[in-house]
file query29.tsv (TSV, C-alpha atoms)
chain	number	residue	atom	x	y	z
A	1	MET	CA	-1.84	-25.79	-11.29
A	2	LYS	CA	0.21	-22.64	-10.90
A	3	THR	CA	0.54	-21.19	-7.43
A	4	ILE	CA	0.96	-17.69	-6.01
A	5	VAL	CA	2.93	-17.64	-2.75
A	6	VAL	CA	2.30	-15.03	-0.07
A	7	PRO	CA	4.48	-14.73	3.05
A	8	THR	CA	2.49	-13.20	5.88
A	9	ASP	CA	3.22	-12.14	9.44
A	10	PHE	CA	-0.48	-11.29	10.03
A	11	SER	CA	0.19	-7.56	10.11
A	12	ALA	CA	-2.25	-5.26	8.32
A	13	VAL	CA	0.26	-4.75	5.52
A	14	SER	CA	0.83	-8.45	4.91
A	15	VAL	CA	-2.88	-9.30	5.14
A	16	ASN	CA	-3.57	-6.58	2.58
A	17	ALA	CA	-0.94	-8.15	0.31
A	18	ALA	CA	-2.55	-11.56	0.80
A	19	THR	CA	-5.92	-10.07	-0.15
A	20	TYR	CA	-4.33	-8.60	-3.27
A	21	ALA	CA	-2.77	-11.98	-4.07
A	22	ALA	CA	-6.09	-13.78	-3.60
A	23	ASN	CA	-7.75	-11.52	-6.14
A	24	LEU	CA	-4.80	-11.93	-8.50
A	25	ALA	CA	-5.06	-15.71	-8.11
A	26	VAL	CA	-8.70	-15.60	-9.14
A	27	ALA	CA	-7.87	-13.40	-12.15
A	28	THR	CA	-5.07	-15.73	-13.30
A	29	ASN	CA	-6.70	-19.05	-12.34
A	30	ALA	CA	-3.95	-19.82	-9.81
A	31	SER	CA	-3.99	-21.36	-6.35
A	32	LEU	CA	-2.86	-19.42	-3.28
A	33	ALA	CA	-0.23	-20.58	-0.78
A	34	LEU	CA	-0.10	-18.60	2.47
A	35	VAL	CA	3.25	-18.98	4.24
A	36	HIS	CA	4.15	-17.87	7.75
A	37	VAL	CA	7.64	-18.22	9.19
A	38	CYS	CA	7.93	-18.35	12.97
A	39	GLN	CA	11.08	-16.57	14.05
A	40	LEU	CA	12.28	-17.52	17.51
A	41	PRO	CA	12.75	-14.49	19.81
A	42	LEU	CA	16.22	-13.88	21.20
A	43	THR	CA	16.76	-12.38	24.64
A	44	TYR	CA	19.96	-10.94	26.08
A	45	THR	CA	18.56	-9.40	29.26
A	46	GLU	CA	19.61	-10.53	32.73
A	47	ILE	CA	16.02	-10.16	33.92
A	48	PRO	CA	14.10	-13.46	33.63
A	49	MET	CA	11.43	-13.25	30.92
A	50	PRO	CA	8.92	-15.87	29.75
A	51	LEU	CA	9.95	-17.46	26.48
A	52	ILE	CA	7.46	-18.65	23.89
A	53	THR	CA	8.10	-22.22	22.83
A	54	VAL	CA	8.32	-23.36	19.23
A	55	GLY	CA	5.15	-25.35	19.71
A	56	GLU	CA	3.25	-22.31	21.00
A	57	LEU	CA	4.47	-20.20	18.10
A	58	SER	CA	3.43	-22.82	15.57
A	59	GLU	CA	0.04	-23.41	17.19
A	60	ASP	CA	-0.77	-19.72	17.31
A	61	ALA	CA	0.37	-19.22	13.70
A	62	SER	CA	-1.64	-22.22	12.49
A	63	GLN	CA	-4.79	-20.84	14.11
A	64	LYS	CA	-4.28	-17.43	12.48
A	65	MET	CA	-3.58	-19.08	9.12
A	66	ASP	CA	-6.84	-21.03	9.35
A	67	GLU	CA	-8.73	-17.83	10.09
A	68	LEU	CA	-7.13	-16.08	7.11
A	69	LYS	CA	-7.90	-19.04	4.87
A	70	GLU	CA	-11.53	-19.04	5.98
A	71	GLN	CA	-11.73	-15.31	5.29
A	72	PHE	CA	-10.61	-15.73	1.69
A	73	ALA	CA	-12.73	-18.86	1.20
A	74	ALA	CA	-15.80	-16.92	2.30
A	75	THR	CA	-14.99	-14.15	-0.18
A	76	HIS	CA	-14.03	-16.22	-3.22
A	77	GLY	CA	-15.74	-19.57	-2.64
A	78	ASP	CA	-14.64	-22.30	-5.02
A	79	LYS	CA	-12.92	-19.82	-7.35
A	80	ILE	CA	-9.64	-20.36	-5.56
A	81	LYS	CA	-7.75	-23.17	-3.84
A	82	ILE	CA	-5.92	-22.08	-0.71
A	83	TYR	CA	-3.04	-23.82	1.03
A	84	THR	CA	-1.24	-22.86	4.23
A	85	GLU	CA	2.27	-23.50	5.45
A	86	VAL	CA	3.85	-22.69	8.83
A	87	LYS	CA	7.65	-22.81	8.96
A	88	ILE	CA	10.29	-22.29	11.66
A	89	GLY	CA	13.42	-20.29	10.84
A	90	THR	CA	14.29	-17.08	9.00
A	91	VAL	CA	11.81	-15.57	6.56
A	92	ILE	CA	13.87	-15.41	3.37
A	93	THR	CA	15.60	-18.76	3.87
A	94	GLU	CA	12.37	-20.67	4.53
A	95	LEU	CA	10.54	-18.79	1.78
A	96	LYS	CA	13.26	-19.69	-0.71
A	97	ILE	CA	13.19	-23.37	0.30
A	98	PHE	CA	9.40	-23.46	-0.04
A	99	CYS	CA	9.48	-21.79	-3.45
A	100	GLU	CA	12.12	-24.22	-4.67
A	101	SER	CA	9.81	-27.09	-3.78
A	102	ILE	CA	6.77	-25.81	-5.68
A	103	GLN	CA	8.21	-23.41	-8.31
A	104	PRO	CA	5.56	-20.69	-7.87
A	105	TYR	CA	3.95	-18.60	-10.55
A	106	ALA	CA	4.76	-15.52	-8.45
A	107	VAL	CA	5.53	-14.37	-4.92
A	108	VAL	CA	3.50	-11.53	-3.45
A	109	MET	CA	4.84	-9.53	-0.49
A	110	GLY	CA	3.46	-6.63	1.48
A	111	ALA	CA	5.61	-3.61	2.22
A	112	HIS	CA	5.32	-0.38	4.15
A	113	GLY	CA	5.31	3.06	2.59
A	114	ALA	CA	2.55	3.37	0.01
A	115	GLY	CA	3.37	6.04	-2.53
A	116	ALA	CA	7.13	6.03	-1.93
A	117	PHE	CA	8.89	3.40	-4.00
A	118	GLU	CA	12.22	3.62	-2.24
A	119	ARG	CA	10.62	3.69	1.20
A	120	PHE	CA	9.02	0.24	1.11
A	121	LEU	CA	12.30	-1.43	0.12
A	122	LEU	CA	14.27	-0.19	3.10
A	123	GLY	CA	14.14	-1.81	6.51
A	124	SER	CA	12.25	-4.90	5.38
A	125	ASN	CA	12.63	-8.38	3.94
A	126	THR	CA	11.55	-7.12	0.52
A	127	LEU	CA	14.96	-6.09	-0.79
A	128	SER	CA	16.47	-9.40	0.33
A	129	ALA	CA	13.64	-11.24	-1.41
A	130	ILE	CA	14.19	-9.35	-4.65
A	131	LYS	CA	17.87	-10.23	-4.59
A	132	GLN	CA	17.60	-13.85	-3.48
A	133	LEU	CA	14.40	-15.23	-4.99
A	134	SER	CA	14.46	-16.43	-8.58
A	135	TRP	CA	10.74	-16.06	-9.20
A	136	PRO	CA	8.60	-13.05	-10.13
A	137	LEU	CA	8.07	-10.95	-7.01
A	138	ILE	CA	5.10	-8.62	-6.67
A	139	VAL	CA	5.48	-5.98	-3.94
A	140	VAL	CA	2.21	-4.54	-2.67
A	141	PRO	CA	2.47	-1.19	-0.83
A	142	ALA	CA	0.29	-0.63	2.24
A	143	GLY	CA	-3.30	0.12	1.31
A	144	MET	CA	-2.98	-0.91	-2.33
A	145	LYS	CA	-6.07	-2.72	-3.60
A	146	PHE	CA	-6.35	-5.08	-6.56
A	147	THR	CA	-8.63	-3.78	-9.28
A	148	SER	CA	-7.35	-4.68	-12.71
A	149	ILE	CA	-3.85	-4.81	-14.12
A	150	ARG	CA	-3.68	-3.07	-17.49
A	151	ASN	CA	-0.16	-1.67	-17.60
A	152	ILE	CA	2.83	-3.76	-16.54
A	153	GLY	CA	6.35	-2.38	-16.37
A	154	LEU	CA	9.50	-4.51	-16.64
A	155	ALA	CA	12.59	-2.79	-15.23
A	156	CYS	CA	15.62	-4.08	-17.08
A	157	ASP	CA	19.37	-3.37	-17.14
A	158	PHE	CA	19.87	-5.35	-20.38
A	159	LYS	CA	22.51	-7.68	-19.00
A	160	LYS	CA	22.34	-11.42	-19.70
A	161	VAL	CA	18.65	-11.11	-20.55
A	162	VAL	CA	18.47	-14.62	-22.06
A	163	ASP	CA	19.66	-16.24	-18.83
A	164	THR	CA	17.83	-14.06	-16.33
A	165	THR	CA	14.51	-12.96	-17.82
A	166	PRO	CA	11.53	-15.15	-16.75
A	167	VAL	CA	9.94	-14.89	-20.19
A	168	ARG	CA	7.38	-17.65	-19.71
A	169	GLU	CA	6.05	-16.16	-16.47
A	170	ILE	CA	5.94	-12.64	-17.89
A	171	ARG	CA	4.22	-13.83	-21.04
A	172	ASN	CA	1.60	-15.79	-19.09
A	173	LEU	CA	0.89	-12.88	-16.77
A	174	VAL	CA	0.59	-10.30	-19.55
A	175	LYS	CA	-1.64	-12.50	-21.71
A	176	GLU	CA	-3.87	-13.74	-18.91
A	177	LEU	CA	-4.51	-10.22	-17.69
A	178	GLY	CA	-4.75	-8.70	-21.17
A	179	ALA	CA	-2.23	-6.07	-20.13
A	180	SER	CA	0.21	-3.85	-22.01
A	181	LEU	CA	3.91	-4.41	-21.30
A	182	HIS	CA	6.39	-1.55	-20.92
A	183	VAL	CA	10.11	-2.35	-20.78
A	184	LEU	CA	12.06	0.44	-19.15
A	185	TYR	CA	15.75	1.15	-18.72
A	186	ILE	CA	17.07	3.92	-16.50
A	187	ASN	CA	20.23	5.59	-17.79
A	188	GLU	CA	21.90	7.43	-14.93
A	189	ASP	CA	24.50	9.02	-17.19
A	190	LYS	CA	23.04	11.13	-19.99
A	191	LYS	CA	26.38	11.12	-21.79
A	192	LYS	CA	26.63	7.33	-21.73
A	193	GLU	CA	26.68	5.71	-25.14
A	194	TYR	CA	25.08	2.31	-25.66
A	195	ASP	CA	27.79	-0.17	-26.65
A	196	ALA	CA	27.51	-3.22	-28.89
A	197	ASP	CA	26.77	-5.57	-26.00
A	198	PHE	CA	23.91	-3.39	-24.80
A	199	ILE	CA	22.41	-3.20	-28.28
A	200	ALA	CA	22.74	-6.98	-28.68
A	201	GLU	CA	20.96	-7.56	-25.36
A	202	THR	CA	18.08	-5.30	-26.39
A	203	ALA	CA	17.74	-7.30	-29.60
A	204	TRP	CA	17.61	-10.57	-27.68
A	205	LEU	CA	14.91	-9.25	-25.36
A	206	GLN	CA	12.89	-7.91	-28.28
A	207	GLU	CA	13.00	-11.32	-29.91
A	208	MET	CA	11.95	-13.14	-26.72
A	209	LEU	CA	9.03	-10.80	-26.06
A	210	THR	CA	8.02	-10.05	-29.63
A	211	ASP	CA	4.58	-11.67	-29.38
A	212	LEU	CA	3.71	-9.36	-26.46
A	213	LYS	CA	4.47	-6.25	-28.52
A	214	PRO	CA	6.02	-4.35	-25.60
A	215	GLN	CA	6.86	-0.67	-25.65
A	216	TYR	CA	10.49	0.16	-24.85
A	217	HIS	CA	11.45	3.22	-22.86
A	218	PHE	CA	15.01	4.48	-22.32
A	219	ILE	CA	14.92	7.10	-19.61
A	220	ASP	CA	17.68	9.52	-18.59
A	221	SER	CA	17.56	10.04	-14.85
A	222	PRO	CA	20.37	10.58	-12.30
A	223	ASP	CA	18.34	8.62	-9.75
A	224	VAL	CA	16.88	5.17	-10.49
A	225	ASN	CA	14.16	5.49	-7.84
A	226	GLU	CA	12.90	8.83	-9.12
A	227	GLY	CA	13.10	7.69	-12.73
A	228	LEU	CA	10.98	4.63	-12.03
A	229	MET	CA	8.44	6.53	-9.92
A	230	GLU	CA	8.00	9.25	-12.52
A	231	PHE	CA	7.56	6.65	-15.25
A	232	ALA	CA	5.06	4.67	-13.15
A	233	ASP	CA	3.02	7.83	-12.58
A	234	SER	CA	3.16	8.97	-16.20
A	235	TYR	CA	2.18	5.60	-17.68
A	236	LEU	CA	-0.19	4.58	-14.88
A	237	LEU	CA	1.63	1.33	-14.14
A	238	ASP	CA	-0.39	-1.17	-12.15
A	239	LEU	CA	2.54	-3.52	-11.68
A	240	LEU	CA	6.31	-3.22	-11.92
A	241	ILE	CA	8.40	-6.35	-12.50
A	242	VAL	CA	12.02	-6.35	-11.32
A	243	VAL	CA	14.16	-9.31	-12.39
A	244	PRO	CA	16.36	-10.56	-9.51
A	245	ARG	CA	20.06	-10.62	-10.21
A	246	LYS	CA	23.34	-9.97	-8.41
A	247	HIS	CA	24.03	-6.70	-10.17
A	248	GLY	CA	21.78	-4.26	-11.96
A	249	VAL	CA	18.70	-2.20	-11.29
A	250	VAL	CA	17.92	-3.89	-7.94
A	251	ASP	CA	21.27	-2.83	-6.47
A	252	LYS	CA	20.50	0.76	-7.39
A	253	LEU	CA	17.07	0.83	-5.75
call {"tool": "encode", "arguments": {"input": "query29.tsv", "output": "structure tokens"}}
result
Amino acid sequence: MKTIVVPTDFSAVSVNAATYAANLAVATNASLALVHVCQLPLTYTEIPMPLITVGELSEDASQKMDELKEQFAATHGDKIKIYTEVKIGTVITELKIFCESIQPYAVVMGAHGAGAFERFLLGSNTLSAIKQLSWPLIVVPAGMKFTSIRNIGLACDFKKVVDTTPVREIRNLVKELGASLHVLYINEDKKKEYDADFIAETAWLQEMLTDLKPQYHFIDSPDVNEGLMEFADSYLLDLLIVVPRKHGVVDKL
């Protein structure tokens, strides 16, 4: 059974993302894995301070995870299977190891700054996750509620699309939700001409996604953030997919 992974630190933002993920799991017939990573506090002060032990951190996190699981179980009943994991270490490293072990359908993360696309990427684990995780990542801004997903955007830089595009996951998501897919490319230089390699990459992507009948949008904008936000507003996107890679649209966000 496919699984949606949600890292949570029990903040309002992350719990909201977990709630979103739970509803998405029901809509896509997926299970839900709640993951919390205990990060050991570091102290450099000369004044003696009480330190929380690893055991205390884990025990407290496990109790909160059980409460969150019970909350979702009460809401969704037997419509969803929920698993919990408590890890010790750094968030992105442990999240990556966990995802490698189960190969999730998607990862859902909460982020601060609802209504400002560039704001929720800065000062958080989200940008690192986009760059380092090789699975579809859904970022849920603070306060965003799951209703229905009708319009999905796929931000693409048309580089090595065959090797880097998670076609199966995108296809499953679009079909299961009955959504429309919009592929968008932001051209920061209006004078830039599309070379043969770029045209070839667009052809490959069209072939891979042909059964989804996506709409393609090539947008001239000097700023990637603004271009994506304006497009999302104009086309009422419910979800934007960004493919992780070392270079491309993620680096420009």
call {"tool": "residues_around", "arguments": {"input": "query29.tsv", "residues": "Val108 (chain A)", "least_positions_apart": "4", "cutoff": "8 Å", "atoms": "all atoms listed in the file", "output": "ChimeraX atom specification"}}
result
/A:4-7,17-18,21,137-140
call {"tool": "residues_near_point", "arguments": {"input": "query29.tsv", "point": "(-2.2, -15.7, 15.7)", "cutoff": "12 Å", "atoms": "all atoms listed in the file", "output": "ChimeraX atom specification"}}
result
/A:8-11,36,38,56-68,86
call {"tool": "closest_residue", "arguments": {"input": "query29.tsv", "among": "A:Trp135, A:Phe198, A:Phe146, A:Tyr185", "to": "Lys160 (chain A)", "atoms": "all atoms listed in the file"}}
result
A:Phe198
call {"tool": "closest_residue", "arguments": {"input": "query29.tsv", "among": "A:Val161, A:Ala33, A:Ile82, A:Val91", "to": "Met208 (chain A)", "atoms": "only C-alpha atoms"}}
result
A:Val161
call {"tool": "atom_distance", "arguments": {"input": "query29.tsv", "atom1": "CA of Glu193 (chain A)", "atom2": "CA of Pro222 (chain A)"}}
result
15.1 Å
call {"tool": "atom_distance", "arguments": {"input": "query29.tsv", "atom1": "CA of Lys145 (chain A)", "atom2": "CA of Val15 (chain A)"}}
result
11.4 Å
call {"tool": "closest_residue", "arguments": {"input": "query29.tsv", "among": "A:Thr19, A:Thr3, A:Ser234, A:Gln132", "to": "His76 (chain A)", "atoms": "all atoms listed in the file"}}
result
A:Thr19
call {"tool": "residues_around", "arguments": {"input": "query29.tsv", "residues": "Glu169 (chain A)", "least_positions_apart": "2", "cutoff": "12 Å", "atoms": "all atoms listed in the file", "output": "ChimeraX atom specification"}}
result
/A:2-4,28,103-107,134-137,164-167,171-176,209,241,243
call {"tool": "atom_distance", "arguments": {"input": "query29.tsv", "atom1": "CA of Leu237 (chain A)", "atom2": "CA of Thr75 (chain A)"}}
result
26.7 Å
call {"tool": "closest_residue", "arguments": {"input": "query29.tsv", "among": "A:Ala27, A:Ile88, A:Val183, A:Ala12", "to": "Ser148 (chain A)", "atoms": "only C-alpha atoms"}}
result
A:Ala27
call {"tool": "closest_residue", "arguments": {"input": "query29.tsv", "among": "A:Ala129, A:Ala200, A:Leu184, A:Ala142", "to": "Met229 (chain A)", "atoms": "only C-alpha atoms"}}
result
A:Leu184
call {"tool": "axis_aligned_box", "arguments": {"input": "query29.tsv", "around": "region 150-163 of chain A", "padding_each_side": "8 Å", "output": "lines of an AutoDock Vina configuration file"}}
result
center_x = 9.4
center_y = -9.0
center_z = -18.6
size_x = 42.2
size_y = 30.6
size_z = 22.8
call {"tool": "closest_residue", "arguments": {"input": "query29.tsv", "among": "A:Asp211, A:Asp238, A:Glu85, A:Asp78", "to": "Ala179 (chain A)", "atoms": "all atoms listed in the file"}}
result
A:Asp238
